[in-house]
There are 6 protein chains.
Amino acid sequence: MTFPPLPDVILEPLVRLALLEDLAPAGDITSDSVAPLNTPMHALLRARAPGVVAGLDAALLSLRIVDPSVVVSVSIGDGAAVEAGGVIAEFRGAARSILMAERTMLNFMGHLSGIATLTREYVRAVAGTRARITCTRKTTPGLRALEKRAVRLGGGVNHRFSLADAILIKDNHIAAAGGVRTALERAQSAAGHMRVIEIEVDTLEQLREALPLRPDCILLDNMDLDSLRDAVALAGDSVVLEASGNIRLDTVRSVAETGVGYISAGALTHSAPRLDLGLDAD
Amino acid sequence: MTFPPLPDVILEPLVRLALLEDLAPAGDITSDSVAPLNTPMHALLRARAPGVVAGLDAALLSLRIVDPSVVVSVSIGDGAAVEAGGVIAEFRGAARSILMAERTMLNFMGHLSGIATLTREYVRAVAGTRARITCTRKTTPGLRALEKRAVRLGGGVNHRFSLADAILIKDNHIAAAGGVRTALERAQSAAGHMRVIEIEVDTLEQLREALPLRPDCILLDNMDLDSLRDAVALAGDSVVLEASGNIRLDTVRSVAETGVGYISAGALTHSAPRLDLGLDAD
Amino acid sequence: MTFPPLPDVILEPLVRLALLEDLAPAGDITSDSVAPLNTPMHALLRARAPGVVAGLDAALLSLRIVDPSVVVSVSIGDGAAVEAGGVIAEFRGAARSILMAERTMLNFMGHLSGIATLTREYVRAVAGTRARITCTRKTTPGLRALEKRAVRLGGGVNHRFSLADAILIKDNHIAAAGGVRTALERAQSAAGHMRVIEIEVDTLEQLREALPLRPDCILLDNMDLDSLRDAVALAGDSVVLEASGNIRLDTVRSVAETGVGYISAGALTHSAPRLDLGLDAD
Amino acid sequence: MTFPPLPDVILEPLVRLALLEDLAPAGDITSDSVAPLNTPMHALLRARAPGVVAGLDAALLSLRIVDPSVVVSVSIGDGAAVEAGGVIAEFRGAARSILMAERTMLNFMGHLSGIATLTREYVRAVAGTRARITCTRKTTPGLRALEKRAVRLGGGVNHRFSLADAILIKDNHIAAAGGVRTALERAQSAAGHMRVIEIEVDTLEQLREALPLRPDCILLDNMDLDSLRDAVALAGDSVVLEASGNIRLDTVRSVAETGVGYISAGALTHSAPRLDLGLDAD
Amino acid sequence: MTFPPLPDVILEPLVRLALLEDLAPAGDITSDSVAPLNTPMHALLRARAPGVVAGLDAALLSLRIVDPSVVVSVSIGDGAAVEAGGVIAEFRGAARSILMAERTMLNFMGHLSGIATLTREYVRAVAGTRARITCTRKTTPGLRALEKRAVRLGGGVNHRFSLADAILIKDNHIAAAGGVRTALERAQSAAGHMRVIEIEVDTLEQLREALPLRPDCILLDNMDLDSLRDAVALAGDSVVLEASGNIRLDTVRSVAETGVGYISAGALTHSAPRLDLGLDAD
Amino acid sequence: MTFPPLPDVILEPLVRLALLEDLAPAGDITSDSVAPLNTPMHALLRARAPGVVAGLDAALLSLRIVDPSVVVSVSIGDGAAVEAGGVIAEFRGAARSILMAERTMLNFMGHLSGIATLTREYVRAVAGTRARITCTRKTTPGLRALEKRAVRLGGGVNHRFSLADAILIKDNHIAAAGGVRTALERAQSAAGHMRVIEIEVDTLEQLREALPLRPDCILLDNMDLDSLRDAVALAGDSVVLEASGNIRLDTVRSVAETGVGYISAGALTHSAPRLDLGLDAD
């Protein structure tokens with residue numbers, strides 16, 4: 001596998017939840033009543049459309065929890081590109097076990113590969129600029145760690161994982177603190193050396209107010225391209241600049257060409273269509 | 001609220017998981033370090049695009065777990081239509097609490113309202129035909145119960161919730177049983193009176209084999225429109241017919257006009273884009 | 001094993017709960033303080049009374065969680081009959097491990113085999129009639145999936161597993177809807193093709209009202225034998241009829257002889273005495 | 001309430017598990033589809049047979065988790081006797097909520113009141129002797145704490161709750177230790193002052209060997225009445241004697257009359273029939 | 001290993017919690033980004049100060065959950081003494097796995113070995129007297145079972161594990177009951193034969209009141225040495241005496257020399273400094 | 001309260017675990033058997049030694065879970081100083097409830113206040129220097145979030161919370177990467193703008209190698225005071241310097257006076273003695 005999997009101890013609660021959704025309370029009643037199914041099965045996990053593979057770690061853990069004796073052979077690991085029709089993995093074992101895990105495996109991988117694939121498109125769209133693509137906290141409830149990893153697998157970098165992860169000062173924080181200066185000073189005093197501090201600005205005026213206080217990053221929210229260019233000129237190399245707000249695949253390159261360092265797009269995680277995958281019995 | 005919420009006992013584990021994703025391990029470190037925020041807040045939950053509201057039950061439980069003292073007033077309940085700019089609910093309480101729950105609320109509602117909204121589009125597309133729109137098991141891991149409800153809120157009906165829920169005999173079951181007849185007889189013997197039995201057929205020939213055995217439903221998988229029409233003619237009123245396979249919003253009406261009773265579409269749950277929603281401080 | 005076990009992912013939470021009840025917080029303090037017990041043990045799981053074996057899946061998972069290295073050999077699997085004195089399984093491994101799991105294994109199997117055994121008695125009592133024996137939702141809290149499976153192992157069929165599983169319209173629903181017709185029409189509109197609809201009637205008059213609306217099943221509650229016979233005559237083959245209410249082992253055959261299709265008995269799960277089982281060190 | 005309830009923190013995991021069994025994944029689909037049910041309900045929880053009430057703590061917590069706004073009025077608390085037809089509690093609130101919790105409440109109470117009622121019969125059977133009735137570890141998996149409390153509510157006392165709770169030296173421990181003396185000395189050295197030590201003997205000879213070593217209790221296993229009487233004479237007041245092995249309601253008094261201090265019966269928890277209870281809408 | 005480990009089923013929830021603290025939500029981002037680390041590693045777990053080993057069971061389970069393929073060789077098991085520099089265990093396996101588990105392993109062992117080591121010092125301080133050292137319920141939240149075992153590993157014995165474990169009658173219980181006699185009589189009636197009864201006294205007068213009622217133990221709380229000696233003389237062998245209150249390592253011997261049977265010290269679990277341990281790559 | 005509490009959703013799993021440790025499986029059997037205790041209680045939570053209060057959030061949640069009707073009045077909140085004898089909070093409610101929660105409350109607060117108090121001593125020891133005191137990942141398993149907050153309450157700042165939180169490059173990472181330059185470049189490429197990068201150096205030579213690559217922080221591990229001073233001179237203001245390794249209360253000031261920005265001490269969390277607290281009935 002190209003990228004290390006998430007540790008099982010992180011994946012397991014969600015994988016068990018997903019398996020229970022599909023198996024509780026009585027298991028696979030069709031197989032149990034219709035077919036003995038103690039015959040062996042050889043099945044191929046195939047992409048039906050091109051994309052970037054993600055979620056194989058969760059899928060394989062799903063199968064392992066259902067039946068650790070199924071033999072798995074991975075051809076295209078998480079983070080690697082797959083063509084339409086490409087074989088991602090092979091499974092050999094009890095048909096009953098593979099069929100019980102099938103839908104859960106495909107649901108994890110279709111969703112997460114969809115995110116990795118869309119991320120790669122954004123990353124390619126900005127190729128040659130200095131801008132890097134980053135995600136947001138607009139993730140599917142319960143799946144944040146997996147979706148953030150899918151963004152990395154697609155070539156993006158992660159924004160903060162939670163409200164506890166980094167300091168991001170927004171409008172209402174500035175208002176509550178009584179101004180940009182007070183807000184930033186309080187943040188710098190509290191944060192210590194292990195927390196990044198970012199502040200959101202909507203105007204160049206706010207940007208000018210923030211720059212001398214030397215936050216680690218400044219989020220330029222919903223600015224037009226001209227303003228973004230001006231912001232880049234103003235800031236120079238003194239701070240990391242991030243652009244956000246309504247970033248789409250057809251607009252991201254023009255934003256990148258303004259010279260900002262990071263572009264964050266919620267759509268990576270909240271609106272990526274599934275990558276079509278299927279399991280074919282041999 | 002137009003539709004009853006899912007019982008809290010079902011929602012709570014997932015809601016707590018979602019809150020922990022956004023708050024663990026140290027809470028909202030920005031608010032804690034920058035702003036006292038013990039001032040009250042009045043905030044409006046607004047749609048930024050038209051759609052069908054869903055996930056309000058999970059969102060309100062999120063807020064209630066963070067702070068049960070926030071006062072909530074709902075204008076547009078789950079299952080109702082909202083216009084762009086429409087106010088769905090109002091919140092009055094501690095700013096700190098509302099901000100801690102904000103992202104979790106929006107993530108639940110954006111995702112689930114997206115599904116309800118897309119379902120409504122499919123339902124409208126087949127208006128005037130006898131066909132009903134139904135979902136599949138292609139759901140996001142951990143969210144099946146909520147996504148299935150979002151389909152209902154959009155006007156669809158639910159297919160089975162799990163492998164334990166109804167008997168759906170597919171190719172490999174028929175093969176393992178040694179034929180359509182044996183498979184259906186075994187299913188009917190095991191199922192009792194509380195389990196629906198459906199069998200998947202790919203050809204009219206298979207349909208003819210299945211019909212005399214009187215399953216409750218027959219799934220016509222990936223048939224072209226002519227075959228679907230023939231299938232409807234063959235089956236008459238003796239059995240419920242369901243069409244599936246690559247159903248899209250621009251093709252669903254032509255499928256419906258063949259006369260099938262149900263049309264299932266995985267895209268309802270696995271590829272619906274988020275409905276854009278936001279929280280505005282007053 | 002004759003019947004497939006419930007998937008581990010379903011059994012494991014309850015099995016761990018049961019093990020913790022018997023081992024927390026300090027393990028087996030008697031063995032730990034009195035006997036080194038690193039000697040091997042060979043033990044036989046025996047029935048002390050005749051019956052139908054059930055719960056072996058949960059028992060073996062209990063043992064596997066305590067110590068996966070104990071070697072197990074099953075002679076009489078779940079769903080098979082055992083005589084008094086019959087050996088169900090053999091265990092070879094560390095005495096310490098087998099003794100730690102012993103009580104949990106016996107408690108699962110004694111309880112569930114008791115249910116399977118009682119179910120078989122009901123099934124035998126109606127042999128030669130068309131009636132099938134079915135359970136109810138009157139199960140032991142936390143054990144429903146296991147008890148429902150024990151009913152299947154004894155030859156019965158399962159009624160619905162939960163309030164979410166099928167529609168069963170009772171008195172108060174009819175009253176709230178304003179009549180049998182409205183209730184059934186609403187149910188048929190909501191249910192879709194994957195939910196069975198059953199309605200409960202107490203009188204032949206109610207039966208006559210329900211029949212033309214073609215529910216899938218009609219529950220004849222607490223009717224005397226004459227009324228049941230009349231109901232069977234009225235309904236013909238148009239609907240599945242189920243009799244319920246105070247069904248006992250000594251009365252079930254006379255109910256079956258009225259010609260109903262299903263007979264449901266709460267006693268199967270809520271009042272079955274334990275099947276006596278024991279573990280004998282060789 | 002006559003007896004204090006178990007702390008909610010103990011009951012809640014099992015109560016939530018039980019509610020989920022009956023409500024997941026979609027809630028009460030009958031009420032949701034057939035009846036609005038936002039009318040109020042007044043319901044009476046009644047015994048349909050005489051007995052001792054138990055499990056009201058778990059039942060009321062079930063209802064409170066479903067809907068904390070239902071008003072409850074208890075007439076006959078846990079541990080009190082109820083006649084056939086007696087009203088145990090009244091509920092006023094949303095019909096929808098009461099109906100969602102109904103089956104879970106009745107399942108807890110029917111099962112646990114059955115145990116309390118059977119225990120009371122054993123206790124009455126030995127009235128006037130010095131013997132006290134005690135339970136065993138032969139409990140239903142997951143319900144031990146609740147079943148043990150039901151035994152107390154019926155007038156019994158509890159034996160140890162788990163393998164970690166007290167030292168009970170059995171045959172295989174004696175064998176592994178190399179004799180009664182070594183086993184008891186090791187136990188006394190390890191136990192400290194907070195652990196009771198009991199040793200099981202099958203013969204008077206073993207009893208004579210154990211007595212001088214002064215264990216806290218001696219378990220007389222499967223002895224006939226004459227041997228029990230001899231054991232009582234031998235032991236005098238120097239140790240607590242407990243009789244066990246195939247204790248039935250029709251034999252327990254003769255065992256009690258031998259003069260033993262405690263009689264343990266697995267049947268109290270593993271084979272008590274349900275107490276018949278029902279919920280009647282007013 | 002000298003002492004049997006706690007059963008995995010007890011350790012596992014806490015071990016998983018501890019691993020998640022250190023790995024969620026994205027795993028070891030340093031190793032993942034900087035070093036492939038699929039080279040093997042040979043590491044030695046060493047004490048950097050002398051002490052008693054404890055917590056190896058939890059540490060090894062931590063490693064096994066991260067990666068069951070790491071090969072472990074234990075030199076000095078739980079409960080054994082280790083010198084400064086002594087090798088406790090060796091690990092051979094993937095560097096990535098060992099490093100992911102390292103901190104969790106060391107945190108368990110440092111904390112628990114600290115407790116075992118301090119307990120041994122108390123035990124040695126009273127060597128030659130009849131007094132035994134025992135712990136209290138003043139433990140770290142979530143770690144009670146592990147800390148109690150560490151006390152045993154250090155040579156101490158355990159006091160009760162919980163409020164449900166034994167009866168300990170304190171001031172407010174005596175006051176609420178209306179006197180020592182009533183309190184003890186009620187306790188003896190409720191307790192049955194499996195619960196130890198202890199009563200706390202602050203004065204010799206209270207001791208004289210309690211003695212004739214024959215509780216199993218009497219806790220002499222915060223008495224000076226003279227009073228303790230008088231108490232021992234008064235009580236003779238009729239009851240177990242336990243001294244408590246501000247016991248320190250430099251005072252414990254003088255307390256032991258008064259002749260009491262048990263001395264309980266909260267400091268064993270709430271204030272033991274960590275034993276310094278480290279993992280050295282070979 | 002001076003500092004905001006951790007969100008309940010974070011505290012609750014650990015608080016429930018702690019309560020269950022003290023109450024399962026049968027509750028407070030002493031109070032239940034000896035004293036009715038339905039009399040009200042007024043109790044004062046008092047420090048018995050001076051210190052900094054911490055853990056009140058967990059303590060009050062413990063009490064609220066046991067009984068939400070107990071009225072609480074806080075005098076000295078988390079993060080505030082308390083004198084010996086000072087009243088931290090008052091409780092009025094059912095004696096039974098307060099006594100059930102007492103030990104859990106005191107165990108949380110004694111442990112966490114001990115950490116806050118020790119941290120304050122370190123902070124005071126470096127007063128007047130520019131150095132700030134920070135913790136490590138050497139925390140008690142399961143309690144990291146609470147212990148990290150206790151460090152903040154004592155005036156310290158937090159180091160990273162987990163391996164996923166920031167990049168800290170150590171020896172074996174440098175070795176695996178093949179040098180300081182490669183390691184830092186890889187880290188900077190992977191980290192994005194939301195992750196701090198720190199590298200550990202043992203010598204001034206390594207420091208010189210790292211400085212030009214501009215990591216956010218450099219950890220000076222186990223250097224003597226002269227080396228630390230040289231390091232500060234070399235680095236100037238270009239990077240944050242952190243000193244670590246065997247920091248003790250009596251040595252921390254001399255380390256601080258070398259001019260480093262941060263000093264990390266594992267002892268803050270792994271070896272702080274409990275702050276003595278007690279609950280006094282009025």
# chains A, B, ... in the order shown; residues from 1 in each chain; ligands from 1
>>> interface_residues(of="chain E", to="chain C", cutoff="9 Å", atoms="only C-alpha atoms", output="MDAnalysis selection string")
chainID E and resid 3:10 144:146 148:149 161
>>> residues_around(residues="Pro212 in chain C", least_positions_apart="2", cutoff="10 Å", atoms="only C-alpha atoms", output="NGL selection string")
:C and (181 or 207-210 or 214-215 or 235 or 238)
>>> closest_residue(among="A:Glu12, A:Glu185, A:Glu121, A:Asp171", to="Asp250 in chain A", atoms="only C-alpha atoms")
A:Glu121
>>> residues_around(residues="range 86-92 of chain E", least_positions_apart="2", cutoff="7 Å", atoms="only C-alpha atoms", output="list in words")
Met41, His42, Ala43, Leu44, Leu45, Arg46, Ala47, Val70, Val71, Val72, Ser73, Val74, Ser75, Ile76, Val82, Glu83 and Ala84 of chain E
>>> select_by_dssp(residues="range 71-159 of chain A", states="strand (DSSP E or B)", output="ChimeraX atom specification")
/A:71-74,81-82,87-94,132-134,157
>>> write_last_selection(atoms="all heavy atoms", output="short mmCIF file (atom, residue, chain, number, x, y, z; two decimals), in the first residue's frame")
data_model
loop_
_atom_site.label_atom_id
_atom_site.label_comp_id
_atom_site.auth_asym_id
_atom_site.auth_seq_id
_atom_site.Cartn_x
_atom_site.Cartn_y
_atom_site.Cartn_z
N VAL A 71 -8.46 -14.45 2.30
CA VAL A 71 -7.13 -14.03 1.83
C VAL A 71 -7.28 -12.86 0.86
O VAL A 71 -8.08 -12.92 -0.08
CB VAL A 71 -6.41 -15.21 1.13
CG1 VAL A 71 -5.06 -14.75 0.58
CG2 VAL A 71 -6.23 -16.36 2.11
N VAL A 72 -6.53 -11.81 1.14
CA VAL A 72 -6.66 -10.57 0.39
C VAL A 72 -5.37 -10.29 -0.35
O VAL A 72 -4.28 -10.44 0.20
CB VAL A 72 -6.97 -9.40 1.34
CG1 VAL A 72 -7.00 -8.08 0.59
CG2 VAL A 72 -8.28 -9.63 2.07
N SER A 73 -5.48 -9.86 -1.58
CA SER A 73 -4.30 -9.46 -2.33
C SER A 73 -4.59 -8.10 -2.97
O SER A 73 -5.50 -7.97 -3.79
CB SER A 73 -4.01 -10.53 -3.40
OG SER A 73 -3.16 -10.00 -4.37
N VAL A 74 -3.83 -7.10 -2.56
CA VAL A 74 -4.08 -5.73 -3.01
C VAL A 74 -3.21 -5.40 -4.21
O VAL A 74 -2.00 -5.60 -4.17
CB VAL A 74 -3.80 -4.72 -1.87
CG1 VAL A 74 -3.91 -3.28 -2.37
CG2 VAL A 74 -4.76 -4.96 -0.71
N ALA A 81 -3.71 5.74 -8.33
CA ALA A 81 -4.74 5.94 -9.36
C ALA A 81 -5.20 4.60 -9.90
O ALA A 81 -4.42 3.66 -10.01
CB ALA A 81 -4.17 6.78 -10.49
N VAL A 82 -6.47 4.52 -10.24
CA VAL A 82 -7.02 3.32 -10.85
C VAL A 82 -7.78 3.73 -12.11
O VAL A 82 -8.41 4.78 -12.15
CB VAL A 82 -7.94 2.57 -9.85
CG1 VAL A 82 -9.17 3.40 -9.48
CG2 VAL A 82 -8.37 1.23 -10.40
N VAL A 87 -8.41 -3.61 -11.45
CA VAL A 87 -8.61 -4.44 -10.27
C VAL A 87 -7.84 -3.83 -9.09
O VAL A 87 -6.63 -3.67 -9.16
CB VAL A 87 -8.14 -5.88 -10.52
CG1 VAL A 87 -8.19 -6.69 -9.23
CG2 VAL A 87 -8.99 -6.52 -11.60
N ILE A 88 -8.55 -3.53 -8.05
CA ILE A 88 -7.94 -2.93 -6.86
C ILE A 88 -7.46 -4.03 -5.91
O ILE A 88 -6.37 -3.95 -5.35
CB ILE A 88 -8.94 -2.00 -6.16
CG1 ILE A 88 -9.30 -0.85 -7.10
CG2 ILE A 88 -8.42 -1.50 -4.83
CD1 ILE A 88 -10.47 -0.01 -6.64
N ALA A 89 -8.28 -5.05 -5.73
CA ALA A 89 -7.91 -6.13 -4.81
C ALA A 89 -8.65 -7.40 -5.18
O ALA A 89 -9.69 -7.36 -5.84
CB ALA A 89 -8.23 -5.75 -3.36
N GLU A 90 -8.07 -8.51 -4.75
CA GLU A 90 -8.70 -9.81 -4.93
C GLU A 90 -8.98 -10.43 -3.57
O GLU A 90 -8.19 -10.29 -2.64
CB GLU A 90 -7.74 -10.77 -5.65
CG GLU A 90 -7.60 -10.57 -7.11
CD GLU A 90 -6.65 -11.64 -7.65
OE1 GLU A 90 -7.11 -12.72 -8.02
OE2 GLU A 90 -5.43 -11.35 -7.67
N PHE A 91 -10.08 -11.17 -3.48
CA PHE A 91 -10.43 -11.85 -2.23
C PHE A 91 -10.68 -13.33 -2.51
O PHE A 91 -11.39 -13.66 -3.48
CB PHE A 91 -11.72 -11.26 -1.64
CG PHE A 91 -11.66 -9.76 -1.49
CD1 PHE A 91 -12.46 -8.93 -2.26
CD2 PHE A 91 -10.79 -9.18 -0.59
CE1 PHE A 91 -12.40 -7.55 -2.13
CE2 PHE A 91 -10.72 -7.80 -0.45
CZ PHE A 91 -11.53 -6.98 -1.23
N ARG A 92 -10.13 -14.19 -1.68
CA ARG A 92 -10.40 -15.63 -1.77
C ARG A 92 -10.81 -16.12 -0.39
O ARG A 92 -10.05 -15.98 0.58
CB ARG A 92 -9.15 -16.40 -2.19
CG ARG A 92 -8.77 -16.23 -3.63
CD ARG A 92 -7.46 -16.97 -3.96
NE ARG A 92 -6.92 -16.47 -5.20
CZ ARG A 92 -7.28 -16.95 -6.40
NH1 ARG A 92 -8.13 -17.94 -6.50
NH2 ARG A 92 -6.77 -16.43 -7.50
N GLY A 93 -11.99 -16.70 -0.32
CA GLY A 93 -12.44 -17.21 0.97
C GLY A 93 -13.88 -17.65 0.88
O GLY A 93 -14.40 -17.86 -0.22
N ALA A 94 -14.53 -17.77 2.03
CA ALA A 94 -15.91 -18.22 2.05
C ALA A 94 -16.81 -17.18 1.40
O ALA A 94 -16.78 -16.00 1.75
CB ALA A 94 -16.35 -18.45 3.49
N ARG A 132 -1.68 25.30 -2.60
CA ARG A 132 -2.01 23.92 -2.21
C ARG A 132 -3.49 23.86 -1.84
O ARG A 132 -4.07 24.83 -1.32
CB ARG A 132 -1.16 23.51 -1.02
CG ARG A 132 0.33 23.64 -1.33
CD ARG A 132 1.20 23.18 -0.20
NE ARG A 132 1.16 21.73 -0.09
CZ ARG A 132 1.87 21.05 0.80
NH1 ARG A 132 2.65 21.68 1.67
NH2 ARG A 132 1.79 19.74 0.87
N ILE A 133 -4.09 22.71 -2.11
CA ILE A 133 -5.52 22.53 -1.88
C ILE A 133 -5.73 21.96 -0.47
O ILE A 133 -5.07 21.00 -0.09
CB ILE A 133 -6.11 21.56 -2.92
CG1 ILE A 133 -5.92 22.13 -4.34
CG2 ILE A 133 -7.57 21.25 -2.64
CD1 ILE A 133 -6.61 23.45 -4.57
N THR A 134 -6.65 22.55 0.26
CA THR A 134 -6.91 22.06 1.61
C THR A 134 -8.41 21.95 1.85
O THR A 134 -9.22 22.57 1.16
CB THR A 134 -6.22 22.97 2.66
OG1 THR A 134 -6.42 22.42 3.95
CG2 THR A 134 -6.78 24.38 2.64
N VAL A 157 -3.80 18.86 1.34
CA VAL A 157 -3.32 18.88 2.73
C VAL A 157 -4.52 19.19 3.61
O VAL A 157 -5.51 19.75 3.17
CB VAL A 157 -2.20 19.92 2.97
CG1 VAL A 157 -0.94 19.54 2.20
CG2 VAL A 157 -2.65 21.31 2.62
#
>>> residues_around(residues="Ala18 in chain E", least_positions_apart="2", cutoff="9 Å", atoms="only C-alpha atoms", output="list in words")
Pro13, Leu14, Val15, Arg16, Leu20, Glu21, Asp22, Leu23, Ser62, Thr104 and Phe108 of chain E; Thr140, Pro141, Gly142, Leu143 and Arg144 of chain F
>>> residues_around(residues="Ala95 in chain C", least_positions_apart="4", cutoff="7 Å", atoms="only C-alpha atoms", output="VMD selection string")
chain C and resid 37 to 41 99
>>> select_by_dssp(residues="range 4-216 of chain A", states="helix (DSSP H, G or I)", output="count of residues only")
103
>>> residues_around(residues="Glu205 in chain D", least_positions_apart="2", cutoff="12 Å", atoms="only C-alpha atoms", output="number ranges by chain")
D: 180, 201-203, 207-211, 220, 227, 230-231, 234
>>> closest_residue(among="F:Ala233, F:Ala281, F:Gly114, F:Asp165", to="Glu198 in chain F", atoms="only C-alpha atoms")
F:Asp165
>>> residues_around(residues="Ala131 in chain B", least_positions_apart="6", cutoff="7 Å", atoms="only C-alpha atoms", output="JSON list (two decimals) with N, CA, C and O atoms, in the first residue's frame")
[["chain", "number", "residue", "atom", "x", "y", "z"],
["B", 256, "ALA", "N", -40.00, 5.24, -15.45],
["B", 256, "ALA", "CA", -41.30, 5.22, -14.76],
["B", 256, "ALA", "C", -42.43, 4.97, -15.75],
["B", 256, "ALA", "O", -43.41, 4.29, -15.44],
["B", 259, "GLY", "N", -44.17, 1.61, -16.57],
["B", 259, "GLY", "CA", -45.21, 1.01, -15.76],
["B", 259, "GLY", "C", -44.75, 0.24, -14.54],
["B", 259, "GLY", "O", -45.56, -0.33, -13.81],
["B", 260, "VAL", "N", -43.44, 0.25, -14.29],
["B", 260, "VAL", "CA", -42.96, -0.44, -13.08],
["B", 260, "VAL", "C", -43.48, 0.27, -11.84],
["B", 260, "VAL", "O", -43.82, 1.46, -11.87],
["B", 261, "GLY", "N", -43.53, -0.46, -10.74],
["B", 261, "GLY", "CA", -44.08, 0.10, -9.51],
["B", 261, "GLY", "C", -43.05, 0.87, -8.69],
["B", 261, "GLY", "O", -43.40, 1.84, -8.01],
["B", 262, "TYR", "N", -41.79, 0.44, -8.75],
["B", 262, "TYR", "CA", -40.75, 1.06, -7.94],
["B", 262, "TYR", "C", -39.49, 1.26, -8.78],
["B", 262, "TYR", "O", -39.18, 0.43, -9.64],
["B", 263, "ILE", "N", -38.79, 2.33, -8.49],
["B", 263, "ILE", "CA", -37.50, 2.58, -9.14],
["B", 263, "ILE", "C", -36.49, 2.90, -8.05],
["B", 263, "ILE", "O", -36.69, 3.84, -7.27]]
>>> closest_residue(among="E:Leu11, E:Val252, E:Ala80, E:Ile167", to="Ala54 in chain E", atoms="only C-alpha atoms")
E:Ala80
>>> atom_distance(atom1="CA of Ile98 in chain A", atom2="CA of Leu279 in chain A")
9.6 Å
